[in-house]
$ cat query37.csv   # CSV, C-alpha atoms
chain,number,residue,atom,x,y,z
A,43,SER,CA,0.0,0.0,0.0
A,44,GLN,CA,1.2,3.5,-0.7
A,45,GLN,CA,-0.9,4.9,2.1
A,46,GLY,CA,1.0,7.3,4.3
A,47,GLU,CA,1.1,7.3,8.0
A,48,GLU,CA,0.7,10.1,10.4
A,49,ASP,CA,2.4,10.3,13.7
A,50,PRO,CA,1.2,10.5,16.4
A,51,GLN,CA,-2.2,8.9,16.0
A,52,ALA,CA,-3.6,11.1,18.7
A,53,LEU,CA,-2.4,14.3,20.3
A,54,SER,CA,-3.9,16.3,23.2
A,55,ILE,CA,-2.6,19.8,24.0
A,56,GLN,CA,-3.7,22.9,25.9
A,57,GLU,CA,-5.0,25.9,24.0
A,58,GLY,CA,-2.2,28.2,23.0
A,59,GLU,CA,0.3,25.5,22.6
A,60,ASN,CA,1.8,24.4,19.3
A,61,ALA,CA,0.8,21.1,17.7
A,62,THR,CA,3.1,19.1,15.4
A,63,MET,CA,2.1,16.1,13.4
A,64,ASN,CA,4.2,14.1,11.0
A,65,CYS,CA,3.5,12.2,7.8
A,66,SER,CA,5.6,9.6,6.1
A,67,TYR,CA,4.9,8.2,2.7
A,68,LYS,CA,6.4,5.5,0.5
A,69,THR,CA,6.9,6.6,-3.1
A,70,SER,CA,8.0,9.7,-5.1
A,71,ILE,CA,5.4,12.4,-5.2
A,72,ASN,CA,4.5,15.5,-7.2
A,73,ASN,CA,3.0,17.2,-4.2
A,74,LEU,CA,1.7,16.6,-0.7
A,75,GLN,CA,-1.5,18.1,0.8
A,76,TRP,CA,-2.8,18.4,4.3
A,77,TYR,CA,-6.5,18.2,5.1
A,78,ARG,CA,-8.6,18.6,8.3
A,79,GLN,CA,-11.7,16.7,9.1
A,80,ASN,CA,-14.2,17.6,11.9
A,81,SER,CA,-15.9,14.6,13.5
A,82,GLY,CA,-16.8,12.4,10.5
A,83,ARG,CA,-17.7,15.2,8.1
A,84,GLY,CA,-16.1,16.3,4.9
A,85,LEU,CA,-12.4,17.1,4.6
A,86,VAL,CA,-11.2,20.7,4.3
A,87,HIS,CA,-8.0,21.5,2.4
A,88,LEU,CA,-5.4,23.3,4.5
A,89,ILE,CA,-2.2,23.5,2.4
A,90,LEU,CA,-0.5,22.1,-0.6
A,91,ILE,CA,3.3,21.8,-0.9
A,92,ARG,CA,5.0,20.9,-4.2
A,93,SER,CA,7.9,18.4,-4.3
A,94,ASN,CA,10.4,21.2,-5.1
A,95,GLU,CA,9.3,23.2,-2.1
A,96,ARG,CA,10.8,22.6,1.4
A,97,GLU,CA,8.6,24.8,3.5
A,98,LYS,CA,5.3,26.6,3.2
A,99,HIS,CA,3.2,28.9,5.5
A,100,SER,CA,-0.4,29.7,5.7
A,101,GLY,CA,-1.6,31.7,8.7
A,102,ARG,CA,-0.9,29.6,11.8
A,103,LEU,CA,0.1,26.6,9.7
A,104,ARG,CA,3.6,25.7,8.7
A,105,VAL,CA,4.3,22.7,6.5
A,106,THR,CA,7.7,21.2,5.8
A,107,LEU,CA,8.6,18.6,3.2
A,108,ASP,CA,11.7,16.4,3.1
A,109,THR,CA,11.6,14.3,-0.1
A,110,SER,CA,14.8,12.5,0.8
A,111,LYS,CA,13.2,11.2,3.9
A,112,LYS,CA,9.8,10.9,2.3
A,113,SER,CA,8.3,12.8,5.2
A,114,SER,CA,6.3,16.0,6.0
A,115,SER,CA,5.3,17.8,9.1
A,116,LEU,CA,2.4,20.1,9.9
A,117,LEU,CA,2.8,22.7,12.7
A,118,ILE,CA,-0.2,24.5,14.1
A,119,THR,CA,0.9,27.4,16.2
A,120,ALA,CA,-1.1,29.0,19.1
A,121,SER,CA,-3.7,26.3,18.9
A,122,ARG,CA,-7.4,27.0,19.6
A,123,ALA,CA,-10.2,24.7,20.7
A,124,ALA,CA,-11.6,25.1,17.1
A,125,ASP,CA,-8.5,23.3,15.8
A,126,THR,CA,-9.8,20.0,17.4
A,127,ALA,CA,-10.1,17.7,14.4
A,128,SER,CA,-8.4,14.9,12.6
A,129,TYR,CA,-5.6,15.8,10.2
A,130,PHE,CA,-4.6,13.9,7.2
A,131,CYS,CA,-1.8,14.1,4.7
A,132,ALA,CA,-2.5,13.1,1.1
A,133,THR,CA,0.0,12.2,-1.6
A,134,ASP,CA,-0.6,11.8,-5.3
A,135,ALA,CA,-0.3,8.5,-7.1
A,136,GLY,CA,2.2,9.8,-9.6
A,137,ASN,CA,-0.2,9.7,-12.5
A,138,THR,CA,-2.2,12.2,-14.3
A,139,GLY,CA,-5.3,13.4,-12.5
A,140,ASN,CA,-6.5,13.6,-9.0
A,141,GLN,CA,-5.8,10.2,-7.3
A,142,PHE,CA,-4.6,10.6,-3.8
A,143,TYR,CA,-3.4,8.3,-1.0
A,144,PHE,CA,-4.5,9.5,2.4
A,145,GLY,CA,-2.6,8.8,5.6
A,146,THR,CA,-4.1,7.3,8.7
A,147,GLY,CA,-4.7,10.6,10.3
A,148,THR,CA,-3.7,12.4,13.6
A,149,SER,CA,-6.6,13.1,16.0
A,150,LEU,CA,-5.9,16.4,17.6
A,151,THR,CA,-7.7,17.6,20.8
A,152,VAL,CA,-7.1,21.1,22.0
A,153,ILE,CA,-8.2,21.6,25.6
A,154,PRO,CA,-9.6,25.1,26.3
B,59,LYS,CA,-20.2,29.5,-5.1
B,60,ALA,CA,-22.0,26.7,-3.6
B,61,GLY,CA,-19.9,23.9,-2.3
B,62,VAL,CA,-19.9,20.2,-3.2
B,63,THR,CA,-23.2,18.6,-2.3
B,64,GLN,CA,-24.0,14.9,-1.8
B,65,THR,CA,-27.3,13.2,-1.5
B,66,PRO,CA,-28.5,11.4,0.4
B,67,ARG,CA,-26.7,12.3,3.6
B,68,TYR,CA,-27.7,9.1,5.4
B,69,LEU,CA,-28.7,5.7,4.0
B,70,ILE,CA,-29.6,2.3,5.5
B,71,LYS,CA,-29.7,-0.7,3.3
B,72,THR,CA,-29.6,-4.5,3.7
B,73,ARG,CA,-27.1,-7.0,2.4
B,74,GLY,CA,-27.6,-7.8,-1.2
B,75,GLN,CA,-29.3,-4.6,-2.1
B,76,GLN,CA,-27.8,-1.9,-4.4
B,77,VAL,CA,-27.3,1.8,-3.7
B,78,THR,CA,-26.7,4.9,-5.8
B,79,LEU,CA,-25.1,8.0,-4.3
B,80,SER,CA,-25.1,11.4,-6.0
B,81,CYS,CA,-22.5,14.2,-6.0
B,82,SER,CA,-22.9,17.7,-7.4
B,83,PRO,CA,-19.5,19.4,-7.8
B,84,ILE,CA,-18.7,23.0,-7.4
B,85,SER,CA,-19.9,25.0,-10.4
B,86,GLY,CA,-17.2,24.9,-13.1
B,87,HIS,CA,-15.3,21.9,-11.7
B,88,ARG,CA,-14.9,19.1,-14.1
B,89,SER,CA,-13.1,16.5,-12.0
B,90,VAL,CA,-15.0,14.5,-9.4
B,91,SER,CA,-13.4,11.8,-7.2
B,92,TRP,CA,-14.9,9.4,-4.8
B,93,TYR,CA,-13.5,8.0,-1.5
B,94,GLN,CA,-14.6,5.5,1.0
B,95,GLN,CA,-13.8,6.1,4.6
B,96,THR,CA,-14.0,3.4,7.3
B,97,PRO,CA,-12.4,3.2,10.8
B,98,GLY,CA,-10.4,0.2,9.8
B,99,GLN,CA,-9.1,1.2,6.3
B,100,GLY,CA,-9.2,4.9,6.5
B,101,LEU,CA,-9.7,7.0,3.4
B,102,GLN,CA,-9.4,5.0,0.2
B,103,PHE,CA,-9.7,6.2,-3.3
B,104,LEU,CA,-12.4,4.7,-5.4
B,105,PHE,CA,-12.3,6.5,-8.7
B,106,GLU,CA,-12.0,9.8,-10.5
B,107,TYR,CA,-14.1,11.1,-13.4
B,108,PHE,CA,-13.1,13.9,-15.7
B,109,SER,CA,-15.2,15.0,-18.7
B,110,GLU,CA,-17.5,12.0,-18.3
B,111,THR,CA,-14.6,9.6,-18.5
B,112,GLN,CA,-13.1,7.5,-15.7
B,113,ARG,CA,-9.6,8.8,-15.4
B,114,ASN,CA,-8.3,6.9,-12.4
B,115,LYS,CA,-9.5,3.9,-10.5
B,116,GLY,CA,-8.6,2.5,-7.1
B,117,ASN,CA,-8.5,-1.1,-6.0
B,118,PHE,CA,-12.1,-1.8,-5.4
B,119,PRO,CA,-14.2,-4.7,-6.8
B,120,GLY,CA,-16.4,-4.3,-9.8
B,121,ARG,CA,-19.4,-4.0,-7.5
B,122,PHE,CA,-18.3,-0.3,-7.2
B,123,SER,CA,-19.0,1.7,-10.3
B,124,GLY,CA,-19.6,5.3,-11.2
B,125,ARG,CA,-20.4,7.7,-13.9
B,126,GLN,CA,-20.3,11.4,-14.7
B,127,PHE,CA,-22.8,13.4,-16.6
B,128,SER,CA,-22.3,16.2,-19.0
B,129,ASN,CA,-23.0,18.8,-16.3
B,130,SER,CA,-20.2,17.1,-14.2
B,131,ARG,CA,-22.6,15.7,-11.7
B,132,SER,CA,-21.5,12.2,-10.7
B,133,GLU,CA,-23.1,9.1,-9.3
B,134,MET,CA,-21.6,6.1,-7.7
B,135,ASN,CA,-23.3,2.7,-7.5
B,136,VAL,CA,-22.6,-0.2,-5.2
B,137,SER,CA,-24.3,-3.5,-6.1
B,138,THR,CA,-24.8,-6.5,-4.0
B,139,LEU,CA,-24.1,-4.7,-0.8
B,140,GLU,CA,-22.0,-6.3,1.9
B,141,LEU,CA,-21.7,-5.5,5.6
B,142,GLY,CA,-18.2,-4.2,5.0
B,143,ASP,CA,-19.5,-1.5,2.6
B,144,SER,CA,-20.8,0.4,5.6
B,145,ALA,CA,-18.8,3.6,5.4
B,146,LEU,CA,-18.7,7.3,4.9
B,147,TYR,CA,-18.6,7.9,1.1
B,148,LEU,CA,-17.0,11.2,0.2
B,149,CYS,CA,-17.0,13.0,-3.0
B,150,ALA,CA,-14.5,15.7,-4.0
B,151,SER,CA,-14.3,18.0,-6.9
B,152,SER,CA,-11.6,20.1,-8.5
B,153,PRO,CA,-11.3,22.3,-11.5
B,154,GLY,CA,-9.7,19.6,-13.6
B,155,ARG,CA,-6.7,19.9,-15.9
B,156,PRO,CA,-7.1,17.9,-19.1
B,157,ARG,CA,-3.5,16.8,-19.4
B,158,GLY,CA,-1.7,18.2,-16.4
B,159,THR,CA,0.4,16.1,-14.2
B,160,LEU,CA,0.2,18.4,-11.2
B,161,GLN,CA,-2.6,17.4,-8.9
B,162,GLU,CA,-5.1,19.9,-7.6
B,163,THR,CA,-6.7,20.9,-4.3
B,164,GLN,CA,-9.8,18.7,-3.6
B,165,TYR,CA,-13.0,20.3,-2.4
B,166,PHE,CA,-14.9,17.7,-0.4
B,167,GLY,CA,-18.6,17.3,0.2
B,168,PRO,CA,-20.1,16.4,3.6
B,169,GLY,CA,-20.4,12.7,2.7
B,170,THR,CA,-23.0,10.1,2.6
B,171,ARG,CA,-23.1,7.7,5.5
B,172,LEU,CA,-24.1,4.3,4.4
B,173,LEU,CA,-25.1,1.6,6.9
B,174,VAL,CA,-25.5,-1.9,5.6
B,175,LEU,CA,-27.5,-4.3,7.8

$ encode --input "query37.csv" --output "structure tokens"
Amino acid sequence: SQQGEEDPQALSIQEGENATMNCSYKTSINNLQWYRQNSGRGLVHLILIRSNEREKHSGRLRVTLDTSKKSSSLLITASRAADTASYFCATDAGNTGNQFYFGTGTSLTVIP
Amino acid sequence: KAGVTQTPRYLIKTRGQQVTLSCSPISGHRSVSWYQQTPGQGLQFLFEYFSETQRNKGNFPGRFSGRQFSNSRSEMNVSTLELGDSALYLCASSPGRPRGTLQETQYFGPGTRLLVL
């Protein structure tokens, strides 16, 4: 399976703290995306990083990509209770079109 | 613009029956993908449609099929339902590049939760 894996599986932090989650994948990619899912609902796109990029920022989010280690990390700074959700990384299948492999997800709980 | 819509939102079926789920993409989007989400297997890609043609297909049995209409709306069908088909089925749309190799942001609908008894 080319499915990625997130680490840790679950993370619980206090509001205001930073949250870091990691994603590892198995094959070469064109890009990697991070998504958030609230309690069994649809996924919301957070950020996309191309394989030739090493770091990307969007608001309180910072994503890094290390293609040599086949890994990525998502940092959420100054977390809020509303950040409580599951976070998934998604990698492309290396073909034309929109076929993605999603990781197993990190469940983040931010305690007010 | 309105987001991706999926109908129905909840569905209960019995083993052996068939089911059809519908997805309306964001206006102007031509690519529609389907995913199955279960606690055990996570999010798994079913297939992608672009301009009424299946462009990519995941590793699911032939009981899972789909189609896309000229207005980009898509349906997926599952025949001969099994207990293991109980899942959240998610549809995602994106603008769609005809020949590009760079993948696009996916905009997901709220999902259809299917329970097979």

$ closest_residue --input "query37.csv" --among "A:Tyr67, A:Tyr129, A:Phe142, A:Trp76" --to "chain B" --atoms "all atoms listed in the file"
A:Phe142

$ atom_distance --input "query37.csv" --atom1 "atom CA of Gln64 of chain B" --atom2 "atom CA of Gln75 of chain A"
22.9 Å

$ residues_around --input "query37.csv" --residues "segment 69-77 of chain B" --least-positions-apart "6" --cutoff "12 Å" --atoms "all atoms listed in the file" --output "PyMOL selection string"
chain B and resi 121-124+133-147+169-175

$ interface_residues --input "query37.csv" --of "chain B" --to "chain A" --cutoff "9 Å" --atoms "only C-alpha atoms" --output "tab-separated table (two decimals) with C-alpha atoms, keeping the file's coordinate frame"
chain	number	residue	atom	x	y	z
B	89	SER	CA	-13.10	16.50	-12.00
B	90	VAL	CA	-15.00	14.50	-9.40
B	91	SER	CA	-13.40	11.80	-7.20
B	99	GLN	CA	-9.10	1.20	6.30
B	100	GLY	CA	-9.20	4.90	6.50
B	101	LEU	CA	-9.70	7.00	3.40
B	102	GLN	CA	-9.40	5.00	0.20
B	103	PHE	CA	-9.70	6.20	-3.30
B	104	LEU	CA	-12.40	4.70	-5.40
B	105	PHE	CA	-12.30	6.50	-8.70
B	106	GLU	CA	-12.00	9.80	-10.50
B	108	PHE	CA	-13.10	13.90	-15.70
B	113	ARG	CA	-9.60	8.80	-15.40
B	114	ASN	CA	-8.30	6.90	-12.40
B	115	LYS	CA	-9.50	3.90	-10.50
B	116	GLY	CA	-8.60	2.50	-7.10
B	146	LEU	CA	-18.70	7.30	4.90
B	148	LEU	CA	-17.00	11.20	0.20
B	149	CYS	CA	-17.00	13.00	-3.00
B	150	ALA	CA	-14.50	15.70	-4.00
B	152	SER	CA	-11.60	20.10	-8.50
B	154	GLY	CA	-9.70	19.60	-13.60
B	155	ARG	CA	-6.70	19.90	-15.90
B	156	PRO	CA	-7.10	17.90	-19.10
B	157	ARG	CA	-3.50	16.80	-19.40
B	158	GLY	CA	-1.70	18.20	-16.40
B	159	THR	CA	0.40	16.10	-14.20
B	160	LEU	CA	0.20	18.40	-11.20
B	161	GLN	CA	-2.60	17.40	-8.90
B	162	GLU	CA	-5.10	19.90	-7.60
B	163	THR	CA	-6.70	20.90	-4.30
B	164	GLN	CA	-9.80	18.70	-3.60
B	165	TYR	CA	-13.00	20.30	-2.40
B	166	PHE	CA	-14.90	17.70	-0.40
B	167	GLY	CA	-18.60	17.30	0.20
B	168	PRO	CA	-20.10	16.40	3.60
B	169	GLY	CA	-20.40	12.70	2.70

$ closest_residue --input "query37.csv" --among "A:Thr126, A:Ser93, A:Ser100, A:Thr148" --to "Thr69 of chain A" --atoms "all atoms listed in the file"
A:Ser93

$ atom_distance --input "query37.csv" --atom1 "atom CA of Thr78 of chain B" --atom2 "atom CA of Arg125 of chain B"
10.6 Å

$ closest_residue --input "query37.csv" --among "A:Ser66, A:Asn94, A:Thr106, A:Gln51" --to "Ile118 of chain A" --atoms "all atoms listed in the file"
A:Thr106

$ atom_distance --input "query37.csv" --atom1 "atom CA of Leu107 of chain A" --atom2 "atom CA of Gln56 of chain A"
26.2 Å

$ closest_residue --input "query37.csv" --among "A:Val152, A:Pro50, A:Ser70, A:Asn60" --to "Lys111 of chain A" --atoms "all atoms listed in the file"
A:Ser70

$ residues_around --input "query37.csv" --residues "Asp125 of chain A" --least-positions-apart "5" --cutoff "10 Å" --atoms "only C-alpha atoms" --output "list in words"
Glu57, Ala61, Arg78, Gln79, Asn80, Ile118, Ala120, Leu150, Thr151, Val152 and Ile153 of chain A

$ residues_around --input "query37.csv" --residues "Gly58 of chain A" --least-positions-apart "5" --cutoff "8 Å" --atoms "all atoms listed in the file" --output "list of chain:residue names"
A:Thr119, A:Ala120, A:Ser121, A:Arg122
